[in-house]
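Colleague: Coordinates in upload_8.csv, CSV, C-alpha atoms, are listed below.
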```
chain,number,residue,atom,x,y,z
A,1,MET,CA,40.1,32.7,35.0
A,2,ALA,CA,43.0,32.4,32.5
A,3,ASN,CA,43.9,28.9,31.4
A,4,THR,CA,47.5,29.5,32.4
A,5,ASN,CA,46.3,29.5,36.0
A,6,LEU,CA,44.3,26.3,35.8
A,7,PRO,CA,47.2,23.9,36.5
A,8,GLN,CA,47.9,25.7,39.8
A,9,VAL,CA,44.2,25.6,40.8
A,10,ALA,CA,44.0,21.9,39.8
A,11,GLN,CA,46.9,21.2,42.1
A,12,ALA,CA,45.5,23.3,44.9
A,13,ILE,CA,42.3,21.4,45.2
A,14,LEU,CA,43.9,17.9,45.6
A,15,THR,CA,43.7,15.8,48.8
A,16,THR,CA,44.8,12.2,48.6
A,17,ASP,CA,45.1,12.6,44.8
A,18,LEU,CA,48.5,11.9,43.3
A,19,VAL,CA,48.1,13.9,40.0
A,20,GLU,CA,46.3,16.9,38.8
A,21,LYS,CA,43.3,16.3,36.6
A,22,THR,CA,42.6,18.6,33.6
A,23,ALA,CA,40.8,18.3,30.3
A,24,SER,CA,40.0,20.6,27.4
A,25,ALA,CA,38.0,20.5,24.1
A,26,GLN,CA,37.4,23.0,21.3
A,27,PHE,CA,35.2,23.3,18.3
A,28,LYS,CA,34.4,26.0,15.7
A,29,VAL,CA,31.2,27.7,14.7
A,30,ALA,CA,31.2,30.0,11.7
A,31,GLY,CA,35.0,30.4,12.0
A,32,LYS,CA,34.8,31.2,15.8
A,33,THR,CA,36.4,28.8,18.3
A,34,VAL,CA,34.5,27.7,21.4
A,35,SER,CA,36.7,26.3,24.2
A,36,ILE,CA,35.8,24.2,27.2
A,37,THR,CA,38.3,23.5,30.0
A,38,GLY,CA,37.8,21.7,33.2
A,39,ILE,CA,39.7,20.6,36.4
A,40,ALA,CA,38.7,18.0,39.0
A,41,LYS,CA,39.8,16.3,42.2
A,42,GLY,CA,38.9,13.0,43.6
A,43,SER,CA,40.6,9.8,44.6
A,44,GLY,CA,38.7,8.1,47.4
A,45,MET,CA,35.1,8.2,48.8
A,46,ILE,CA,33.9,8.3,45.2
A,47,ARG,CA,30.4,7.4,44.2
A,48,PRO,CA,27.6,9.3,42.6
A,49,ASP,CA,25.1,11.1,44.9
A,50,MET,CA,27.6,12.9,47.0
A,51,ALA,CA,31.3,12.1,47.2
A,52,THR,CA,34.6,13.9,47.8
A,53,MET,CA,34.7,14.9,44.1
A,54,LEU,CA,35.0,18.4,42.9
A,55,SER,CA,35.0,19.6,39.3
A,56,PHE,CA,35.0,23.1,37.8
A,57,ILE,CA,34.5,23.6,34.1
A,58,PHE,CA,34.8,26.8,32.2
A,59,THR,CA,33.7,27.8,28.7
A,60,ASP,CA,33.7,31.0,26.6
A,61,ILE,CA,30.3,30.3,25.0
A,62,LYS,CA,27.3,32.7,25.4
A,63,ALA,CA,24.6,30.8,27.2
A,64,THR,CA,21.8,31.1,29.8
A,65,GLN,CA,21.8,29.3,33.1
A,66,SER,CA,19.2,26.9,32.0
A,67,GLU,CA,21.1,26.0,28.8
A,68,LEU,CA,24.2,25.4,30.8
A,69,GLN,CA,22.4,23.3,33.4
A,70,SER,CA,20.7,21.1,30.8
A,71,CYS,CA,24.1,20.4,29.1
A,72,LEU,CA,25.9,19.8,32.4
A,73,THR,CA,23.2,17.3,33.6
A,74,THR,CA,23.5,15.3,30.4
A,75,ALA,CA,27.3,15.3,30.6
A,76,THR,CA,27.5,14.3,34.3
A,77,ASN,CA,25.0,11.5,33.9
A,78,GLN,CA,27.4,9.7,31.5
A,79,SER,CA,30.6,10.6,33.4
A,80,PHE,CA,30.8,11.6,37.0
A,81,ASN,CA,27.6,9.8,37.8
A,82,ARG,CA,29.0,6.5,36.4
A,83,ILE,CA,32.2,6.2,38.5
A,84,THR,CA,33.0,4.6,41.8
A,85,VAL,CA,36.2,3.9,43.7
A,86,ASP,CA,35.0,2.4,46.9
A,87,GLY,CA,31.2,3.0,47.0
A,88,ASP,CA,31.7,5.5,49.9
A,89,THR,CA,30.4,9.0,49.9
A,90,SER,CA,30.8,12.3,51.7
A,91,THR,CA,28.9,15.6,51.8
A,92,ASN,CA,30.9,18.0,49.7
A,93,ASP,CA,30.9,17.1,46.0
A,94,ALA,CA,30.3,19.7,43.3
A,95,CYS,CA,30.4,20.1,39.6
A,96,THR,CA,30.0,23.6,38.1
A,97,LEU,CA,29.9,24.9,34.6
A,98,SER,CA,30.7,28.6,34.1
A,99,ALA,CA,30.4,30.6,30.8
A,100,THR,CA,32.1,33.9,30.0
A,101,GLY,CA,30.6,34.6,26.6
A,102,ILE,CA,33.9,35.9,25.3
A,103,SER,CA,33.8,33.7,22.1
A,104,GLY,CA,30.8,35.5,20.9
A,105,VAL,CA,29.1,32.2,19.9
A,106,ASN,CA,25.6,31.6,21.2
A,107,MET,CA,24.7,28.2,22.6
A,108,SER,CA,21.5,28.2,20.6
A,109,ASP,CA,23.7,28.0,17.4
A,110,CYS,CA,25.6,24.9,18.4
A,111,VAL,CA,23.9,22.9,21.2
A,112,ALA,CA,24.8,19.5,19.7
A,113,GLU,CA,28.5,20.5,19.2
A,114,PHE,CA,28.7,22.0,22.6
A,115,GLN,CA,27.2,18.9,24.3
A,116,GLN,CA,29.6,16.6,22.5
A,117,ALA,CA,32.6,18.6,23.6
A,118,LEU,CA,31.4,18.9,27.1
A,119,ASN,CA,30.7,15.1,27.3
A,120,LYS,CA,34.3,14.6,26.2
A,121,VAL,CA,35.7,16.9,28.9
A,122,THR,CA,33.6,15.4,31.7
A,123,LEU,CA,34.3,11.8,30.7
A,124,SER,CA,38.0,12.5,30.6
A,125,LEU,CA,38.0,14.0,34.0
A,126,ALA,CA,35.9,11.2,35.4
A,127,HIS,CA,38.2,8.6,34.0
A,128,GLN,CA,41.2,10.5,35.4
A,129,ILE,CA,39.6,10.2,38.9
A,130,ILE,CA,39.3,6.5,38.5
A,131,LYS,CA,42.8,6.1,37.2
A,132,ASP,CA,44.0,8.0,40.3
A,133,GLY,CA,41.8,6.1,42.7
A,134,GLU,CA,43.4,5.5,46.1
A,135,GLY,CA,45.8,2.6,45.7
A,136,ALA,CA,44.4,1.7,42.3
A,137,THR,CA,46.3,-0.6,40.0
A,138,LYS,CA,43.5,-1.4,37.5
A,139,PHE,CA,41.1,0.8,35.5
A,140,VAL,CA,37.9,-1.3,35.2
A,141,GLU,CA,34.9,-0.7,32.9
A,142,ILE,CA,31.8,-2.7,33.8
A,143,CYS,CA,29.3,-2.9,30.9
A,144,VAL,CA,25.9,-4.4,31.6
A,145,LYS,CA,23.4,-4.9,28.9
A,146,GLY,CA,20.1,-6.5,28.2
A,147,GLY,CA,18.2,-5.7,31.4
A,148,VAL,CA,14.5,-5.0,31.4
A,149,HIS,CA,15.3,-1.4,32.5
A,150,ASN,CA,18.4,0.7,32.3
A,151,ALA,CA,18.2,0.9,36.1
A,152,ASP,CA,18.5,-2.9,36.3
A,153,CYS,CA,21.8,-2.7,34.3
A,154,LEU,CA,23.1,0.1,36.5
A,155,GLU,CA,22.2,-1.9,39.7
A,156,VAL,CA,24.1,-4.9,38.5
A,157,ALA,CA,27.1,-2.8,37.4
A,158,TYR,CA,27.4,-1.1,40.8
A,159,THR,CA,26.8,-4.4,42.7
A,160,VAL,CA,29.8,-5.9,40.9
A,161,ALA,CA,31.9,-2.7,41.1
A,162,HIS,CA,31.3,-2.5,44.9
A,163,SER,CA,32.0,-6.2,45.7
A,164,PRO,CA,35.1,-6.4,47.9
A,165,LEU,CA,35.7,-9.9,46.6
A,166,VAL,CA,35.5,-8.9,43.0
A,167,LYS,CA,37.7,-5.9,43.6
A,168,THR,CA,40.4,-7.9,45.4
A,169,ALA,CA,40.3,-10.5,42.7
A,170,LEU,CA,41.0,-7.7,40.2
A,171,PHE,CA,44.0,-6.6,42.2
A,172,ALA,CA,45.3,-10.2,42.3
A,173,SER,CA,44.7,-10.6,38.6
A,174,ASP,CA,42.6,-13.6,39.6
A,175,ALA,CA,39.9,-14.6,37.0
A,176,ASN,CA,37.5,-15.7,39.7
A,177,TRP,CA,34.4,-15.8,37.7
A,178,GLY,CA,32.4,-17.2,40.7
A,179,ARG,CA,32.8,-13.9,42.5
A,180,ILE,CA,31.5,-11.9,39.5
A,181,LEU,CA,28.6,-14.2,39.0
A,182,ALA,CA,27.7,-14.2,42.7
A,183,ALA,CA,27.7,-10.4,42.7
A,184,VAL,CA,25.4,-10.3,39.6
A,185,GLY,CA,23.1,-12.8,41.4
A,186,ARG,CA,22.6,-10.7,44.5
A,187,ALA,CA,21.9,-7.5,42.6
A,188,ASN,CA,18.6,-6.0,43.8
A,189,ILE,CA,16.6,-6.3,40.6
A,190,ALA,CA,13.3,-8.0,39.9
A,191,HIS,CA,14.0,-9.7,36.5
A,192,LEU,CA,17.1,-11.8,36.6
A,193,GLN,CA,17.3,-15.4,35.3
A,194,ALA,CA,20.5,-17.3,35.7
A,195,ASP,CA,20.2,-18.9,32.2
A,196,GLU,CA,20.2,-15.4,30.6
A,197,VAL,CA,23.5,-14.3,32.2
A,198,SER,CA,26.8,-14.2,30.2
A,199,ILE,CA,30.0,-12.7,31.4
A,200,TYR,CA,33.1,-11.7,29.5
A,201,LEU,CA,36.5,-10.5,30.5
A,202,GLY,CA,37.6,-8.5,27.5
A,203,ASP,CA,37.1,-11.0,24.6
A,204,VAL,CA,37.2,-14.0,26.9
A,205,CYS,CA,33.8,-15.5,27.6
A,206,LEU,CA,33.7,-16.8,31.2
A,207,ILE,CA,29.9,-17.6,31.6
A,208,LYS,CA,27.6,-18.3,28.7
A,209,LYS,CA,23.8,-18.4,29.5
A,210,GLY,CA,24.5,-19.2,33.2
A,211,GLU,CA,27.0,-21.9,32.6
A,212,LEU,CA,30.8,-22.0,32.4
A,213,ALA,CA,31.7,-21.3,28.8
A,214,THR,CA,32.8,-24.6,27.1
A,215,ASP,CA,35.9,-23.1,25.6
A,216,TYR,CA,37.0,-21.1,28.7
A,217,SER,CA,40.5,-21.7,30.0
A,218,GLU,CA,42.0,-20.5,33.2
A,219,SER,CA,45.1,-19.3,31.3
A,220,ALA,CA,43.0,-17.1,29.0
A,221,GLY,CA,41.1,-15.6,32.0
A,222,THR,CA,44.3,-14.9,33.9
A,223,GLN,CA,45.9,-13.2,30.9
A,224,ALA,CA,42.8,-10.9,30.6
A,225,MET,CA,42.9,-10.1,34.3
A,226,GLN,CA,46.6,-9.1,34.2
A,227,LYS,CA,45.9,-6.1,32.1
A,228,SER,CA,45.9,-2.6,33.7
A,229,LYS,CA,42.7,-1.8,31.8
A,230,ILE,CA,39.9,-4.4,32.0
A,231,VAL,CA,36.5,-4.5,30.5
A,232,ILE,CA,33.9,-6.7,32.2
A,233,THR,CA,30.8,-7.2,30.0
A,234,ILE,CA,27.7,-8.7,31.6
A,235,GLU,CA,24.6,-9.7,29.6
A,236,ILE,CA,21.5,-10.2,31.7
A,237,GLY,CA,18.9,-10.4,29.0
A,238,ASN,CA,17.9,-9.5,25.5
A,239,HIS,CA,16.5,-6.0,25.9
A,240,ASP,CA,17.9,-2.9,24.2
A,241,THR,CA,19.5,-1.4,27.4
A,242,LEU,CA,23.1,-0.7,28.3
A,243,GLU,CA,24.9,1.0,31.2
A,244,ARG,CA,28.6,1.5,31.9
A,245,VAL,CA,30.3,2.1,35.2
A,246,TRP,CA,34.0,2.7,35.8
A,247,THR,CA,35.8,1.5,38.9
A,248,THR,CA,39.1,0.3,40.4
A,249,ASP,CA,40.5,-2.7,42.1
A,250,LEU,CA,41.1,-2.8,45.9
A,251,SER,CA,44.7,-3.0,46.8
A,252,HIS,CA,46.9,-3.1,49.9
A,253,ASP,CA,47.7,0.6,49.4
A,254,TYR,CA,44.0,1.6,49.6
A,255,ILE,CA,43.9,0.0,53.1
A,256,LYS,CA,47.1,1.8,54.1
A,257,ILE,CA,46.1,5.2,52.8
A,258,ASN,CA,42.8,5.1,54.6
A,259,ALA,CA,44.1,3.5,57.8
A,260,GLU,CA,46.6,6.3,58.1
A,261,TYR,CA,44.5,9.2,56.9
A,262,ARG,CA,43.3,11.8,59.4
A,263,THR,CA,41.3,14.9,58.5
```
What does this structure look like when you write it as structure tokens?

Modeller:
Amino acid sequence: MANTNLPQVAQAILTTDLVEKTASAQFKVAGKTVSITGIAKGSGMIRPDMATMLSFIFTDIKATQSELQSCLTTATNQSFNRITVDGDTSTNDACTLSATGISGVNMSDCVAEFQQALNKVTLSLAHQIIKDGEGATKFVEICVKGGVHNADCLEVAYTVAHSPLVKTALFASDANWGRILAAVGRANIAHLQADEVSIYLGDVCLIKKGELATDYSESAGTQAMQKSKIVITIEIGNHDTLERVWTTDLSHDYIKINAEYRT
């Protein structure tokens, strides 16, 4: 497929999306250029393990099916498998990686470079899905660190990301730290101590070791919440673990879109 046709294909696969989603990356090996280009669709019913997400990625590298699968699995696990709009799922998601070999460059000669470029493409597409989430007004990164296991960090991140009370507070630019802390507290993990939990909105510390930060002010929290891009950092221990999840707020428009939507 020629790159000149990709914008048309990107537009054709949209459903409730408002914009086309495309991303590209290139790198050189011994003077030869390798290109990776992808398209995606997705706006609602987005969560890993089946969603209404589609992504088709193309490259001109020479590679075997197993080489492509290995790289794609690594890339999707740090991109498409780390996003959620509403926690809902469907039965028709797909992400494919196709190689033409036209560049004349063998995958075996540039695995690290290819992986880095592919990661860049998939992460860009995943972030575009979140930014175009149904009714979304906020792009939110939830970073959880310090859990006994990475799975614990991921569980906490998704529990916060899927909390309707947290998501509506995000929409209202309400620095309601109690909602975030409550979501952390009900995450289904075995090793969680309240006095090990710290929560930050950007650079603003809300909770320090389970207590309201002594220098926290409502005005600072509100100012951080008013941004269109928000990073919530949650520390749940001192272990060398970290997971990131990207999500949206929950707005009036999300309700309207889905109340009026019929397949």

Colleague: Check the smallest atom-to-atom distance from each of A:Leu14, A:Ile57, A:Leu242, A:Leu6 to Glu155 in chain A using all atoms listed in the file, then report the winner.

Modeller: A:Leu242

Colleague: Would you mind listing what lies within 9 Å of range 145-150 of chain A as a ChimeraX atom specification, with all atoms listed in the file counted and same-chain residues fewer than 2 positions away left out?

Modeller: /A:143,152-155,191-192,233-244

Colleague: Can you pull out every residue within 8 Å of Ala136 in chain A, counting all atoms listed in the file, but drop anything in the same chain fewer than 6 positions away, and send it as a PDB file with C-alpha atoms, keeping the file's coordinate frame?

Modeller:
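Final output, selection_0.pdb:
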```
ATOM      1  CA  ILE A 130      39.300   6.500  38.500  1.00  0.00           C
ATOM      2  CA  THR A 248      39.100   0.300  40.400  1.00  0.00           C
ATOM      3  CA  ASP A 249      40.500  -2.700  42.100  1.00  0.00           C
ATOM      4  CA  LEU A 250      41.100  -2.800  45.900  1.00  0.00           C
ATOM      5  CA  SER A 251      44.700  -3.000  46.800  1.00  0.00           C
ATOM      6  CA  ASP A 253      47.700   0.600  49.400  1.00  0.00           C
ATOM      7  CA  TYR A 254      44.000   1.600  49.600  1.00  0.00           C
TER       8      TYR A 254
END
```

Colleague: Would you compute the distance between CA of Gly38 in chain A and CA of Gly104 in chain A? Give it in Å to one decimal.

Modeller: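 The value is 19.8 Å.
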
Colleague: Just the number, please: distance in Å from CA of Ser70 in chain A to CA of Phe139 in chain A, one decimal.

Modeller: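 CA of Phe139 in chain A lies 29.2 Å from CA of Ser70 in chain A.
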
Colleague: Got a sec: who's within 6 Å of range 79-92 of chain A, counting only C-alpha atoms, leaving out chain neighbours fewer than 3 positions off, as a PDB file with C-alpha atoms, in the coordinates of the input?

Modeller:
```
ATOM      1  CA  MET A  45      35.100   8.200  48.800  1.00  0.00           C
ATOM      2  CA  ILE A  46      33.900   8.300  45.200  1.00  0.00           C
ATOM      3  CA  ARG A  47      30.400   7.400  44.200  1.00  0.00           C
ATOM      4  CA  PRO A  48      27.600   9.300  42.600  1.00  0.00           C
ATOM      5  CA  MET A  50      27.600  12.900  47.000  1.00  0.00           C
ATOM      6  CA  ALA A  51      31.300  12.100  47.200  1.00  0.00           C
ATOM      7  CA  THR A  52      34.600  13.900  47.800  1.00  0.00           C
ATOM      8  CA  THR A  76      27.500  14.300  34.300  1.00  0.00           C
ATOM      9  CA  THR A 122      33.600  15.400  31.700  1.00  0.00           C
ATOM     10  CA  LEU A 123      34.300  11.800  30.700  1.00  0.00           C
ATOM     11  CA  ALA A 126      35.900  11.200  35.400  1.00  0.00           C
ATOM     12  CA  HIS A 162      31.300  -2.500  44.900  1.00  0.00           C
ATOM     13  CA  VAL A 245      30.300   2.100  35.200  1.00  0.00           C
ATOM     14  CA  TRP A 246      34.000   2.700  35.800  1.00  0.00           C
ATOM     15  CA  THR A 247      35.800   1.500  38.900  1.00  0.00           C
ATOM     16  CA  THR A 248      39.100   0.300  40.400  1.00  0.00           C
TER      17      THR A 248
END
```

Colleague: May I ask for the distance between CA of Asp215 in chain A and CA of Tyr158 in chain A, given in Å to one decimal place?

Modeller: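 Atom-to-atom, CA of Asp215 in chain A and CA of Tyr158 in chain A are spaced 28.1 Å apart.
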
Colleague: Identify which of the residues A:Trp177, A:Tyr261, A:Phe114, A:Tyr216 lies closest to Ala63 in chain A, counting only C-alpha atoms when measuring atom-to-atom distances.

Modeller: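 Among the listed residues, the smallest separation from Ala63 in chain A belongs to A:Phe114.
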
Colleague: Which residue out of A:Ile257, A:Val184, A:Ala151, A:Ile207 has the minimum interatomic distance to Ser43 in chain A when only C-alpha atoms are used?

Modeller: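 Looking at the shortest contact to Ser43 in chain A, the residue is A:Ile257.
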